[in-house]
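Q: Enclosed is the structure file run.txt (compact mmCIF, C-alpha atoms).
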# COMPACT_ATOMS: atom_id res chain seq x y z
CA MET N 1 123.96 -55.82 7.02
CA ALA N 2 127.28 -54.10 6.41
CA ASN N 3 128.71 -53.01 9.74
CA PHE N 4 129.72 -49.42 10.29
CA ASP N 5 133.44 -49.09 10.91
CA THR N 6 134.08 -47.86 14.46
CA ASN N 7 137.84 -47.47 14.07
CA TYR N 8 137.94 -43.72 14.58
CA THR N 9 138.30 -41.20 17.38
CA LYS N 10 134.84 -40.39 18.71
CA ALA N 11 134.89 -36.85 20.07
CA THR N 12 131.17 -36.43 20.70
CA ASP N 13 128.14 -38.61 21.32
CA TYR N 14 125.30 -36.26 20.43
CA PRO N 15 121.97 -37.34 18.89
CA THR N 16 121.38 -36.90 15.17
CA LEU N 17 118.12 -35.95 13.49
CA TYR N 18 117.57 -37.01 9.88
CA ILE N 19 115.28 -34.49 8.17
CA HIS N 20 113.29 -35.78 5.21
CA GLY N 21 112.39 -33.73 2.18
CA PHE N 22 109.47 -33.69 -0.25
CA LEU N 23 107.03 -36.59 0.23
CA GLY N 24 108.85 -37.85 3.33
CA VAL N 25 107.07 -39.40 6.30
CA PRO N 26 108.16 -40.27 9.87
CA GLU N 27 108.84 -43.81 10.99
CA ASP N 28 105.53 -44.25 12.83
CA GLN N 29 103.46 -44.06 9.63
CA ILE N 30 102.02 -47.26 8.11
CA PHE N 31 103.47 -46.16 4.76
CA THR N 32 106.98 -46.72 6.14
CA LYS N 33 106.36 -50.44 6.42
CA LEU N 34 106.65 -50.42 2.63
CA TYR N 35 109.18 -47.64 2.09
CA ARG N 36 111.66 -46.03 4.51
CA TYR N 37 112.70 -42.52 3.55
CA PHE N 38 116.32 -43.27 4.56
CA GLY N 39 116.68 -46.83 3.38
CA SER N 40 114.16 -47.28 0.59
CA PHE N 41 112.48 -50.68 0.17
CA THR N 42 115.16 -53.02 1.55
CA LYS N 43 117.04 -51.04 4.21
CA ASP N 44 116.28 -49.05 7.35
CA LEU N 45 119.16 -46.69 8.07
CA VAL N 46 117.68 -45.15 11.22
CA LYS N 47 116.90 -48.53 12.78
CA ASP N 48 120.32 -49.96 11.94
CA LEU N 49 122.17 -46.88 13.19
CA ARG N 50 120.41 -47.36 16.51
CA LYS N 51 121.64 -50.95 16.60
CA GLU N 52 125.15 -49.54 16.22
CA GLY N 53 124.64 -47.36 19.30
CA TYR N 54 123.77 -44.03 17.67
CA GLU N 55 120.90 -41.97 19.03
CA VAL N 56 119.01 -40.97 15.91
CA TYR N 57 115.56 -39.56 15.15
CA LEU N 58 113.43 -39.17 12.03
CA PRO N 59 111.04 -36.23 12.62
CA GLY N 60 107.67 -36.08 10.96
CA LEU N 61 107.38 -32.71 9.19
CA GLY N 62 104.97 -31.56 6.50
CA PRO N 63 105.91 -33.51 3.35
CA PHE N 64 104.36 -30.74 1.20
CA ASN N 65 104.89 -27.80 3.58
CA PRO N 66 107.17 -24.80 2.88
CA MET N 67 110.48 -24.46 4.72
CA TRP N 68 109.21 -21.92 7.28
CA GLU N 69 106.40 -24.21 8.43
CA ARG N 70 108.76 -27.19 8.53
CA ALA N 71 111.38 -25.27 10.57
CA CYS N 72 108.72 -24.33 13.13
CA GLU N 73 107.50 -27.93 13.22
CA LEU N 74 111.05 -29.16 13.77
CA TYR N 75 111.45 -26.89 16.78
CA ALA N 76 108.27 -28.27 18.36
CA TYR N 77 109.33 -31.84 17.48
CA ILE N 78 112.61 -31.40 19.35
CA PHE N 79 111.53 -29.37 22.38
CA GLY N 80 107.87 -30.33 22.59
CA GLY N 81 104.76 -28.18 22.65
CA ARG N 82 102.40 -26.69 20.11
CA VAL N 83 103.81 -25.48 16.80
CA ASP N 84 103.82 -21.67 16.57
CA TYR N 85 104.16 -20.47 12.97
CA GLY N 86 104.35 -16.84 14.10
CA VAL N 87 101.93 -13.92 14.17
CA VAL N 88 103.44 -12.09 11.20
CA HIS N 89 103.94 -15.17 9.04
CA SER N 90 100.43 -16.51 9.61
CA GLN N 91 98.81 -13.16 8.86
CA LYS N 92 100.94 -12.58 5.78
CA HIS N 93 100.28 -16.01 4.30
CA HIS N 94 96.73 -16.59 5.54
CA THR N 95 97.53 -19.63 7.65
CA LYS N 96 96.71 -20.64 11.18
CA ARG N 97 99.19 -19.35 13.73
CA PHE N 98 99.28 -22.61 15.68
CA GLY N 99 99.70 -26.17 14.49
CA ARG N 100 99.72 -29.55 16.14
CA THR N 101 101.34 -30.47 19.45
CA TYR N 102 104.48 -32.60 19.69
CA PRO N 103 105.60 -34.46 22.85
CA GLY N 104 109.27 -33.45 22.33
CA VAL N 105 112.03 -36.00 21.79
CA LEU N 106 114.88 -33.88 23.20
CA LYS N 107 113.27 -31.64 25.79
CA ASP N 108 116.56 -31.58 27.70
CA LEU N 109 118.62 -30.45 24.70
CA GLY N 110 121.27 -28.06 25.98
CA THR N 111 121.92 -29.79 29.29
CA PRO N 112 125.49 -31.02 29.93
CA GLY N 113 126.26 -34.50 28.69
CA LYS N 114 125.04 -36.45 25.66
CA HIS N 115 122.22 -33.99 24.99
CA ALA N 116 124.30 -30.84 25.16
CA LYS N 117 123.99 -30.54 21.37
CA CYS N 118 122.56 -32.36 18.37
CA ASN N 119 123.33 -32.92 14.69
CA LEU N 120 121.01 -32.21 11.76
CA ILE N 121 121.16 -34.02 8.41
CA GLY N 122 118.68 -32.81 5.79
CA HIS N 123 118.07 -34.48 2.44
CA SER N 124 116.60 -32.65 -0.57
CA PHE N 125 114.09 -30.07 0.76
CA GLY N 126 115.31 -31.08 4.19
CA GLY N 127 118.41 -29.06 3.22
CA PRO N 128 116.86 -25.57 3.21
CA THR N 129 114.71 -26.69 6.14
CA VAL N 130 117.74 -27.27 8.38
CA ILE N 131 119.45 -24.12 7.06
CA LEU N 132 116.47 -21.93 7.97
CA PHE N 133 116.03 -23.77 11.27
CA SER N 134 119.67 -23.15 12.16
CA GLU N 135 119.33 -19.47 11.22
CA ILE N 136 116.25 -18.86 13.39
CA LEU N 137 117.61 -20.94 16.27
CA THR N 138 120.78 -18.83 16.17
CA ASN N 139 119.55 -15.34 15.32
CA GLY N 140 115.81 -15.45 15.97
CA CYS N 141 113.25 -13.49 13.98
CA GLN N 142 112.99 -9.82 14.91
CA GLU N 143 109.84 -9.36 12.84
CA GLU N 144 107.99 -11.90 14.97
CA LEU N 145 109.41 -10.49 18.21
CA ASP N 146 108.23 -6.99 17.32
CA ALA N 147 104.70 -8.15 16.52
CA THR N 148 104.11 -10.56 19.41
CA PRO N 149 103.52 -9.81 23.11
CA ALA N 150 106.57 -10.89 25.11
CA ASP N 151 104.61 -13.47 27.09
CA GLU N 152 103.25 -15.08 23.90
CA VAL N 153 106.25 -15.22 21.58
CA SER N 154 107.74 -18.61 20.72
CA GLU N 155 111.15 -19.35 22.23
CA PHE N 156 112.18 -20.33 18.72
CA PHE N 157 111.89 -16.75 17.46
CA LYS N 158 114.04 -15.42 20.30
CA GLY N 159 117.16 -17.10 18.90
CA GLY N 160 120.31 -17.43 20.96
CA LYS N 161 120.27 -21.23 20.81
CA GLY N 162 122.55 -21.87 17.84
CA ASP N 163 125.19 -23.41 20.10
CA LEU N 164 122.85 -26.38 20.50
CA LEU N 165 123.73 -27.50 16.98
CA HIS N 166 126.98 -29.43 16.67
CA THR N 167 126.75 -29.97 12.91
CA VAL N 168 124.38 -29.17 10.04
CA THR N 169 124.64 -31.26 6.87
CA THR N 170 122.65 -31.13 3.63
CA LEU N 171 122.44 -34.07 1.21
CA SER N 172 121.56 -33.02 -2.35
CA GLY N 173 119.81 -30.13 -0.66
CA THR N 174 117.62 -27.76 -2.65
CA ASN N 175 119.66 -25.04 -0.95
CA HIS N 176 119.21 -22.76 -3.97
CA GLY N 177 116.05 -24.37 -5.30
CA THR N 178 115.95 -26.34 -8.55
CA SER N 179 115.56 -25.08 -12.12
CA ILE N 180 112.91 -27.74 -12.83
CA THR N 181 110.45 -25.32 -11.20
CA TYR N 182 111.16 -22.70 -13.87
CA PHE N 183 110.75 -25.36 -16.55
CA MET N 184 107.35 -26.30 -15.09
CA GLY N 185 106.14 -22.71 -14.76
CA ASP N 186 103.87 -21.10 -12.18
CA LYS N 187 100.63 -22.31 -13.78
CA VAL N 188 101.67 -25.96 -13.54
CA ILE N 189 102.93 -25.47 -9.99
CA GLU N 190 99.63 -23.90 -8.96
CA MET N 191 97.61 -26.65 -10.66
CA VAL N 192 99.60 -29.44 -8.96
CA SER N 193 99.41 -27.62 -5.62
CA ARG N 194 95.65 -27.35 -5.89
CA LEU N 195 95.28 -31.03 -6.76
CA ILE N 196 97.33 -32.07 -3.73
CA LEU N 197 95.50 -29.69 -1.39
CA ASN N 198 92.09 -30.74 -2.70
CA ALA N 199 92.97 -34.37 -2.02
CA GLY N 200 94.04 -33.35 1.47
CA ALA N 201 90.80 -31.43 2.00
CA ILE N 202 88.78 -34.53 1.16
CA ALA N 203 90.75 -37.31 2.83
CA GLY N 204 93.53 -35.73 4.94
CA ASN N 205 92.48 -36.92 8.38
CA HIS N 206 91.20 -40.26 7.12
CA ILE N 207 94.62 -41.27 5.80
CA ALA N 208 96.78 -39.59 8.48
CA LYS N 209 97.88 -42.87 10.10
CA ILE N 210 98.93 -44.21 6.72
CA TYR N 211 100.39 -41.02 5.26
CA ASP N 212 100.08 -37.80 7.22
CA LEU N 213 99.79 -34.75 4.95
CA TYR N 214 100.28 -32.16 7.74
CA PHE N 215 97.95 -29.66 6.08
CA ASP N 216 96.59 -28.32 9.38
CA PRO N 217 98.27 -24.85 8.97
CA TRP N 218 95.88 -24.14 6.07
CA GLY N 219 92.76 -25.45 7.80
CA ILE N 220 92.70 -28.41 5.41
CA MET N 221 92.87 -30.98 8.21
CA GLU N 222 92.99 -31.18 11.98
CA ASP N 223 95.68 -32.41 14.33
CA PRO N 224 95.26 -36.22 14.03
CA ALA N 225 95.69 -36.55 17.81
CA GLU N 226 92.63 -34.35 18.38
CA TRP N 227 90.46 -35.48 15.48
CA LYS N 228 87.25 -37.19 16.60
CA GLY N 229 86.37 -38.71 13.26
CA GLY N 230 83.78 -37.76 10.70
CA PRO N 231 82.80 -38.01 7.03
CA LEU N 232 85.07 -37.25 4.12
CA GLY N 233 85.65 -33.55 3.63
CA SER N 234 84.56 -31.40 0.74
CA ILE N 235 86.63 -29.11 -1.44
CA ASN N 236 83.62 -26.78 -1.47
CA ASP N 237 83.87 -26.13 2.25
CA PRO N 238 84.59 -22.34 2.42
CA GLN N 239 87.33 -22.69 5.05
CA LYS N 240 89.09 -25.47 3.19
CA LYS N 241 88.74 -23.68 -0.14
CA ALA N 242 90.36 -20.59 1.43
CA GLY N 243 93.21 -22.78 2.66
CA VAL N 244 93.71 -24.28 -0.79
CA ASP N 245 93.80 -20.79 -2.33
CA ALA N 246 96.34 -19.58 0.25
CA TYR N 247 98.59 -22.58 -0.30
CA ALA N 248 98.40 -22.74 -4.09
CA THR N 249 98.64 -19.05 -5.01
CA ASN N 250 100.85 -17.52 -2.31
CA LYS N 251 104.13 -17.50 -4.23
CA LEU N 252 106.35 -16.51 -1.32
CA GLY N 253 105.79 -18.76 1.65
CA GLY N 254 103.14 -20.79 -0.16
CA SER N 255 103.56 -24.36 -1.36
CA ILE N 256 106.75 -26.38 -1.24
CA ALA N 257 107.01 -26.11 -5.03
CA TYR N 258 107.22 -22.31 -4.87
CA ASP N 259 109.87 -22.55 -2.17
CA MET N 260 111.94 -24.67 -4.53
CA LYS N 261 112.04 -21.92 -7.15
CA PRO N 262 115.61 -20.56 -7.05
CA ASP N 263 114.58 -16.91 -6.69
CA VAL N 264 112.09 -17.69 -3.91
CA CYS N 265 114.57 -19.95 -2.11
CA GLU N 266 117.23 -17.26 -2.28
CA SER N 267 114.86 -14.72 -0.76
CA GLN N 268 113.90 -17.14 2.01
CA LEU N 269 117.53 -17.81 2.89
CA ALA N 270 118.93 -14.31 2.38
CA ASN N 271 121.42 -12.89 4.88
CA ILE N 272 122.08 -16.18 6.65
CA LYS N 273 124.57 -15.78 9.52
CA PRO N 274 125.95 -19.20 10.51
CA ASN N 275 126.46 -19.95 14.17
CA LYS N 276 130.16 -19.71 15.07
CA LYS N 277 130.13 -22.94 17.07
CA THR N 278 128.44 -25.15 14.47
CA TYR N 279 130.07 -27.10 11.63
CA PHE N 280 128.33 -26.89 8.22
CA PHE N 281 128.56 -29.27 5.25
CA ALA N 282 126.85 -29.35 1.85
CA ARG N 283 127.10 -32.81 0.28
CA PRO N 284 125.96 -32.93 -3.36
CA GLY N 285 124.98 -35.86 -5.52
CA GLN N 286 125.59 -36.01 -9.24
CA GLY N 287 124.03 -38.38 -11.77
CA THR N 288 125.09 -36.65 -14.98
CA HIS N 289 128.24 -35.84 -16.93
CA THR N 290 129.12 -33.05 -19.33
CA ASN N 291 128.86 -34.33 -22.90
CA LYS N 292 130.67 -33.26 -26.07
CA TYR N 293 127.99 -30.64 -26.77
CA GLY N 294 128.61 -28.85 -23.48
CA THR N 295 125.30 -29.94 -21.96
CA ALA N 296 124.76 -32.69 -19.36
CA SER N 297 123.69 -36.25 -20.05
CA PRO N 298 122.38 -38.74 -17.45
CA ASP N 299 124.73 -41.49 -16.28
CA GLY N 300 123.64 -44.99 -17.16
CA HIS N 301 123.23 -46.20 -13.59
CA ILE N 302 120.71 -43.66 -12.31
CA PHE N 303 117.03 -44.41 -11.61
CA ALA N 304 115.24 -44.77 -14.98
CA PRO N 305 112.60 -42.00 -14.50
CA PHE N 306 115.36 -39.64 -13.36
CA LYS N 307 117.08 -40.08 -16.71
CA ILE N 308 114.26 -38.05 -18.22
CA THR N 309 114.39 -35.25 -15.65
CA ALA N 310 118.20 -35.36 -15.63
CA TRP N 311 118.17 -34.78 -19.39
CA ILE N 312 115.70 -31.88 -19.02
CA LEU N 313 117.78 -30.23 -16.31
CA GLY N 314 120.96 -31.00 -18.24
CA ASN N 315 119.75 -29.08 -21.29
CA TYR N 316 117.65 -26.32 -19.73
CA THR N 317 118.92 -22.76 -19.48
CA ASP N 318 116.88 -19.67 -18.63
CA LYS N 319 118.59 -16.34 -19.18
CA GLU N 320 115.79 -14.43 -17.46
CA HIS N 321 116.36 -16.31 -14.20
CA GLY N 322 120.14 -16.66 -14.45
CA ILE N 323 120.12 -20.40 -15.21
CA ASP N 324 123.23 -20.85 -17.32
CA LYS N 325 125.45 -23.81 -18.20
CA GLU N 326 126.84 -23.95 -14.68
CA TRP N 327 123.41 -25.26 -13.64
CA LEU N 328 123.31 -28.17 -16.09
CA ASN N 329 124.88 -31.02 -14.12
CA ASN N 330 122.37 -32.49 -11.70
CA ASP N 331 121.21 -35.57 -9.80
CA GLY N 332 117.98 -36.03 -11.71
CA VAL N 333 116.01 -33.60 -9.52
CA VAL N 334 118.31 -30.85 -8.28
CA ASN N 335 121.09 -28.94 -10.04
CA CYS N 336 124.51 -29.58 -8.51
CA LYS N 337 125.10 -25.83 -8.28
CA ALA N 338 121.91 -25.51 -6.24
CA MET N 339 123.19 -28.02 -3.67
CA ARG N 340 126.02 -25.76 -2.54
CA ALA N 341 126.25 -23.68 0.63
CA PRO N 342 123.91 -20.69 0.98
CA THR N 343 124.77 -17.43 -0.73
CA GLY N 344 126.82 -14.93 1.24
CA VAL N 345 128.34 -17.27 3.82
CA GLU N 346 132.03 -18.06 4.20
CA GLN N 347 132.49 -21.29 2.30
CA TYR N 348 135.19 -23.52 0.84
CA ASP N 349 135.36 -26.45 -1.55
CA PHE N 350 136.69 -29.25 0.62
CA VAL N 351 139.91 -31.06 -0.27
CA ASP N 352 141.59 -33.88 1.65
CA GLY N 353 143.70 -32.64 4.51
CA MET N 354 141.79 -29.38 4.88
CA ALA N 355 141.27 -28.25 8.46
CA ILE N 356 137.59 -28.07 9.40
CA LYS N 357 136.49 -24.93 11.24
CA PRO N 358 133.12 -24.14 12.81
CA GLY N 359 131.00 -21.29 11.51
CA VAL N 360 132.10 -22.04 7.94
CA TRP N 361 130.37 -24.00 5.19
CA TYR N 362 132.21 -26.77 3.31
CA ASN N 363 131.09 -27.93 -0.13
CA MET N 364 132.03 -31.59 -0.14
CA PRO N 365 132.93 -33.69 -3.22
CA ALA N 366 129.94 -34.99 -5.16
CA GLN N 367 128.63 -38.49 -4.55
CA ASN N 368 128.11 -40.23 -7.89
CA TRP N 369 124.50 -41.27 -7.57
CA ASP N 370 121.11 -39.76 -8.23
CA HIS N 371 118.80 -37.82 -5.91
CA GLN N 372 117.28 -40.88 -4.26
CA GLY N 373 120.67 -42.48 -3.80
CA TRP N 374 120.86 -40.62 -0.49
CA ALA N 375 117.68 -42.51 0.44
CA GLY N 376 119.30 -45.81 -0.52
CA MET N 377 117.13 -46.47 -3.57
CA PHE N 378 118.78 -49.08 -5.80
CA ILE N 379 122.06 -48.68 -3.87
CA SER N 380 123.43 -51.86 -2.32
CA LYS N 381 123.21 -52.06 1.45
CA ALA N 382 126.98 -52.31 1.78
CA THR N 383 127.62 -49.24 -0.38
CA TYR N 384 124.84 -47.16 1.16
CA TYR N 385 125.85 -47.96 4.73
CA ASP N 386 129.52 -47.35 3.98
CA VAL N 387 128.76 -43.84 2.65
CA MET N 388 126.28 -42.92 5.38
CA GLY N 389 128.58 -44.46 7.99
CA ASP N 390 131.43 -42.26 6.78
CA ILE N 391 129.20 -39.21 7.22
CA MET N 392 128.26 -40.25 10.75
CA ARG N 393 131.88 -40.95 11.68
CA SER N 394 133.00 -37.58 10.33
CA ILE N 395 130.32 -35.82 12.39
CA TYR N 396 131.06 -37.65 15.61
CA SER N 397 134.82 -37.17 15.26
CA LEU N 398 134.53 -33.38 15.30
CA PRO N 399 135.35 -31.82 18.68
CA ASP N 400 133.11 -29.28 20.36
CA ALA N 401 133.75 -25.83 18.95
Take the structure in this file and express it as structure tokens.

A:
Amino acid sequence: MANFDTNYTKATDYPTLYIHGFLGVPEDQIFTKLYRYFGSFTKDLVKDLRKEGYEVYLPGLGPFNPMWERACELYAYIFGGRVDYGVVHSQKHHTKRFGRTYPGVLKDLGTPGKHAKCNLIGHSFGGPTVILFSEILTNGCQEELDATPADEVSEFFKGGKGDLLHTVTTLSGTNHGTSITYFMGDKVIEMVSRLILNAGAIAGNHIAKIYDLYFDPWGIMEDPAEWKGGPLGSINDPQKKAGVDAYATNKLGGSIAYDMKPDVCESQLANIKPNKKTYFFARPGQGTHTNKYGTASPDGHIFAPFKITAWILGNYTDKEHGIDKEWLNNDGVVNCKAMRAPTGVEQYDFVDGMAIKPGVWYNMPAQNWDHQGWAGMFISKATYYDVMGDIMRSIYSLPDA
């Protein structure tokens, strides 16, 4: 293992939560014995960071769930208790209001000392997840407050807790979606969504210990902790069929694929107001280069299947949706432009020597690897740990705002 360099001034000692994106699973799943989301097949970043003395967590959130559901799940994961998706949201999108119950890994978050604050690092769809989470934690959700009796409303929707976040970082985040969703089209997205949900309806609870699908908000499966066992499900079950329909066809707040459409993502993250005591960083990846024709070609070193998607993204424009040549460079999955800070916030392109201020977003220089490079796939342990170690050191060197 390559050791993390500790020759730096450590200003804080707060815990860090690594937030997975699409298809991700927590560390207690059997699937992770084969593949670690942050570490790939041969490395385990979370485990090795702990050996270095960092307090780190890898939450289990819905690997196919939209960003709203995942943000609510993250709140319950941190503070403990039953997930509350909100009265308004659940009625609007035909989901259950309550989800599963989490024990809470940082119930004392906000108390003086090492747990006064925490850091969030979100990869891929974990990017918009941590952005929305930060927004609600800071400013709450007035719509949910207005519709919910005061003694029933989730503390999450009350806001006022943004100071609990020391830093928020996105890694190749789908912060503005990805144009591959426009290339696929709504019909393909709906078809794929239905296939995934139907599989969940049949086998969701039976495979939860191996790979938890977290489809309980749509009535597709039950909380694994409360499930008493039973036969395989049926896609013809009226309740489960209704859940599949709600997930697959509800374009705003429906499946994860719809949330990754740039226009939908923009609407979900509109009017973000960053907390004034939190530091924000958008770290892109890039696995393409601009060629002589003015489009983008995949670099030779990126993951072979991503060369295909990188070429598609690198040549795809869509005038109707505003996808122009500025969107062409990508990491094989996400456009580099889409990895930048949210629209409407104060933001700067970082250069060496620049003073870092809280309440402001910084677009960091691109890391020259593909989308799964942030997960360590086909990146040497030394290189991967050096890059991730630099990120950790930069976070822990920042003083309290």

Q: In Å, rounded to a single decimal, give me how far CA of Glu144 in chain N is from CA of His89 in chain N.

A: 7.9 Å

Q: If I put a ball of radius 8 Å at (105.8, -30.6, 19.8) in the file's coordinates, which residues poke into it when counting all atoms listed in the file, written as an MDAnalysis selection string?

A: chainID N and resid 73 75:83 100:104

Q: Give me, as a VMD selection string, all polymer residues having an atom no more than 12 Å from Phe38 in chain N, counting only C-alpha atoms and skipping those fewer than 4 positions away in the same chain.

A: chain N and resid 17 to 21 24 to 27 32 42 to 49 56 to 59 121 to 124 171 372 to 377 379 381 384 to 385 388

Q: Could those selected residues go to a file with C-alpha atoms, as a PDB file, in the frame of the given file?

A:
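For reference, result.pdb as written:
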ATOM      1  CA  LEU N  17     118.120 -35.950  13.490  1.00  0.00           C
ATOM      2  CA  TYR N  18     117.570 -37.010   9.880  1.00  0.00           C
ATOM      3  CA  ILE N  19     115.280 -34.490   8.170  1.00  0.00           C
ATOM      4  CA  HIS N  20     113.290 -35.780   5.210  1.00  0.00           C
ATOM      5  CA  GLY N  21     112.390 -33.730   2.180  1.00  0.00           C
ATOM      6  CA  GLY N  24     108.850 -37.850   3.330  1.00  0.00           C
ATOM      7  CA  VAL N  25     107.070 -39.400   6.300  1.00  0.00           C
ATOM      8  CA  PRO N  26     108.160 -40.270   9.870  1.00  0.00           C
ATOM      9  CA  GLU N  27     108.840 -43.810  10.990  1.00  0.00           C
ATOM     10  CA  THR N  32     106.980 -46.720   6.140  1.00  0.00           C
ATOM     11  CA  THR N  42     115.160 -53.020   1.550  1.00  0.00           C
ATOM     12  CA  LYS N  43     117.040 -51.040   4.210  1.00  0.00           C
ATOM     13  CA  ASP N  44     116.280 -49.050   7.350  1.00  0.00           C
ATOM     14  CA  LEU N  45     119.160 -46.690   8.070  1.00  0.00           C
ATOM     15  CA  VAL N  46     117.680 -45.150  11.220  1.00  0.00           C
ATOM     16  CA  LYS N  47     116.900 -48.530  12.780  1.00  0.00           C
ATOM     17  CA  ASP N  48     120.320 -49.960  11.940  1.00  0.00           C
ATOM     18  CA  LEU N  49     122.170 -46.880  13.190  1.00  0.00           C
ATOM     19  CA  VAL N  56     119.010 -40.970  15.910  1.00  0.00           C
ATOM     20  CA  TYR N  57     115.560 -39.560  15.150  1.00  0.00           C
ATOM     21  CA  LEU N  58     113.430 -39.170  12.030  1.00  0.00           C
ATOM     22  CA  PRO N  59     111.040 -36.230  12.620  1.00  0.00           C
ATOM     23  CA  ILE N 121     121.160 -34.020   8.410  1.00  0.00           C
ATOM     24  CA  GLY N 122     118.680 -32.810   5.790  1.00  0.00           C
ATOM     25  CA  HIS N 123     118.070 -34.480   2.440  1.00  0.00           C
ATOM     26  CA  SER N 124     116.600 -32.650  -0.570  1.00  0.00           C
ATOM     27  CA  LEU N 171     122.440 -34.070   1.210  1.00  0.00           C
ATOM     28  CA  GLN N 372     117.280 -40.880  -4.260  1.00  0.00           C
ATOM     29  CA  GLY N 373     120.670 -42.480  -3.800  1.00  0.00           C
ATOM     30  CA  TRP N 374     120.860 -40.620  -0.490  1.00  0.00           C
ATOM     31  CA  ALA N 375     117.680 -42.510   0.440  1.00  0.00           C
ATOM     32  CA  GLY N 376     119.300 -45.810  -0.520  1.00  0.00           C
ATOM     33  CA  MET N 377     117.130 -46.470  -3.570  1.00  0.00           C
ATOM     34  CA  ILE N 379     122.060 -48.680  -3.870  1.00  0.00           C
ATOM     35  CA  LYS N 381     123.210 -52.060   1.450  1.00  0.00           C
ATOM     36  CA  TYR N 384     124.840 -47.160   1.160  1.00  0.00           C
ATOM     37  CA  TYR N 385     125.850 -47.960   4.730  1.00  0.00           C
ATOM     38  CA  MET N 388     126.280 -42.920   5.380  1.00  0.00           C
TER      39      MET N 388
END

Q: Within 10 Å of (94.2, -40.6, 11.5) in the file's own coordinates, which protein, DNA or RNA residues have an atom, counting only C-alpha atoms? List them as a ChimeraX atom specification.

A: /N:203-212,222-229

Q: Report the distance between CA of Ser90 in chain N and CA of Leu120 in chain N in Å, rounded to one decimal place.

A: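 So the two atoms, CA of Ser90 in chain N and CA of Leu120 in chain N, lie 26.0 Å apart.
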
Q: Which residues are close to Ser397 in chain N, i.e. within 8 Å by all atoms listed in the file, leaving aside same-chain residues fewer than 6 positions away? Reply as a list in words.

A: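 Within the cut-off, the hits are Tyr8, Thr9, Lys10, Ala11 and Thr12 of chain N.
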
Q: Take CA of Asp318 in chain N and CA of Val333 in chain N and report the distance between them in Å, one decimal.

A: 16.7 Å

Q: Between N:Asn368, N:Thr181, N:Thr16, N:Ser134, which has the minimum distance to Val105 in chain N (counting all atoms listed in the file)?

A: N:Thr16

Q: Identify, on the basis of all atoms listed in the file, every residue whose closest approach to Gln347 in chain N does not exceed 7 Å; exclude the query and any residue fewer than 2 positions from it along the same chain; express the result as a list of chain:residue names.

A: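 Residues meeting the cut-off are N:Ala341, N:Val345, N:Val360, N:Trp361, N:Tyr362.
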
Q: Selected residues, C-alpha atoms, written as a PDB file, in the frame of the given file, please.

A:
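Contents of result-v7.pdb, as written:
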ATOM      1  CA  ALA N 341     126.250 -23.680   0.630  1.00  0.00           C
ATOM      2  CA  VAL N 345     128.340 -17.270   3.820  1.00  0.00           C
ATOM      3  CA  VAL N 360     132.100 -22.040   7.940  1.00  0.00           C
ATOM      4  CA  TRP N 361     130.370 -24.000   5.190  1.00  0.00           C
ATOM      5  CA  TYR N 362     132.210 -26.770   3.310  1.00  0.00           C
TER       6      TYR N 362
END

Q: Range 76-144 of chain N near range 255-269 of chain N within 8 Å: what's each residue's closest atom pair and its distance in Å to one decimal, counting only C-alpha atoms, ordered by chain then ascending residue number, as JSON lines?

A:
{"residue": "N:Phe125", "atom": "CA", "partner": "N:Met260", "partner_atom": "CA", "distance": 7.9}
{"residue": "N:Pro128", "atom": "CA", "partner": "N:Leu269", "partner_atom": "CA", "distance": 7.8}
{"residue": "N:Ile131", "atom": "CA", "partner": "N:Leu269", "partner_atom": "CA", "distance": 7.8}
{"residue": "N:Leu132", "atom": "CA", "partner": "N:Leu269", "partner_atom": "CA", "distance": 6.6}

Q: Using the selection just defined, write its residues with C-alpha atoms as a PDB file, in the coordinates of the input.

A:
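Saved to result-v5.pdb:
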ATOM      1  CA  PHE N 125     114.090 -30.070   0.760  1.00  0.00           C
ATOM      2  CA  PRO N 128     116.860 -25.570   3.210  1.00  0.00           C
ATOM      3  CA  ILE N 131     119.450 -24.120   7.060  1.00  0.00           C
ATOM      4  CA  LEU N 132     116.470 -21.930   7.970  1.00  0.00           C
TER       5      LEU N 132
END

Q: Identify, on the basis of all atoms listed in the file, every residue whose closest approach to Gln367 in chain N does not exceed 9 Å; exclude the query and any residue fewer than 3 positions from it along the same chain; express the result as a PDB file with C-alpha atoms, in the coordinates of the input.

A:
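The resulting file, result-v3.pdb, is reproduced below:
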ATOM      1  CA  ARG N 283     127.100 -32.810   0.280  1.00  0.00           C
ATOM      2  CA  PRO N 284     125.960 -32.930  -3.360  1.00  0.00           C
ATOM      3  CA  GLY N 285     124.980 -35.860  -5.520  1.00  0.00           C
ATOM      4  CA  GLN N 286     125.590 -36.010  -9.240  1.00  0.00           C
ATOM      5  CA  GLY N 287     124.030 -38.380 -11.770  1.00  0.00           C
ATOM      6  CA  MET N 364     132.030 -31.590  -0.140  1.00  0.00           C
ATOM      7  CA  ASP N 370     121.110 -39.760  -8.230  1.00  0.00           C
ATOM      8  CA  GLY N 373     120.670 -42.480  -3.800  1.00  0.00           C
ATOM      9  CA  VAL N 387     128.760 -43.840   2.650  1.00  0.00           C
TER      10      VAL N 387
END

Q: Tell me which of N:Met392, N:Ile180, N:Met191, N:Ile312 sits closest to Glu55 in chain N, counting all atoms listed in the file.

A: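 So, comparing all the options, the nearest one is N:Met392.
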
Q: Around all the atoms of range 235-254 of chain N listed in the file, draw an axis-aligned box and extend it by 4 Å on each of the six sides; I want its centre and edge lengths in Å to one decimal, as lines of an AutoDock Vina configuration file.

A:
center_x = 95.0
center_y = -22.8
center_z = 0.0
size_x = 30.7
size_y = 20.6
size_z = 18.1

Q: Between N:Leu23, N:Phe281, N:Pro149, N:Ile308, single out the one closest to Ala366 in chain N, counting only C-alpha atoms.

A: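 Nearest to Ala366 in chain N: N:Phe281.
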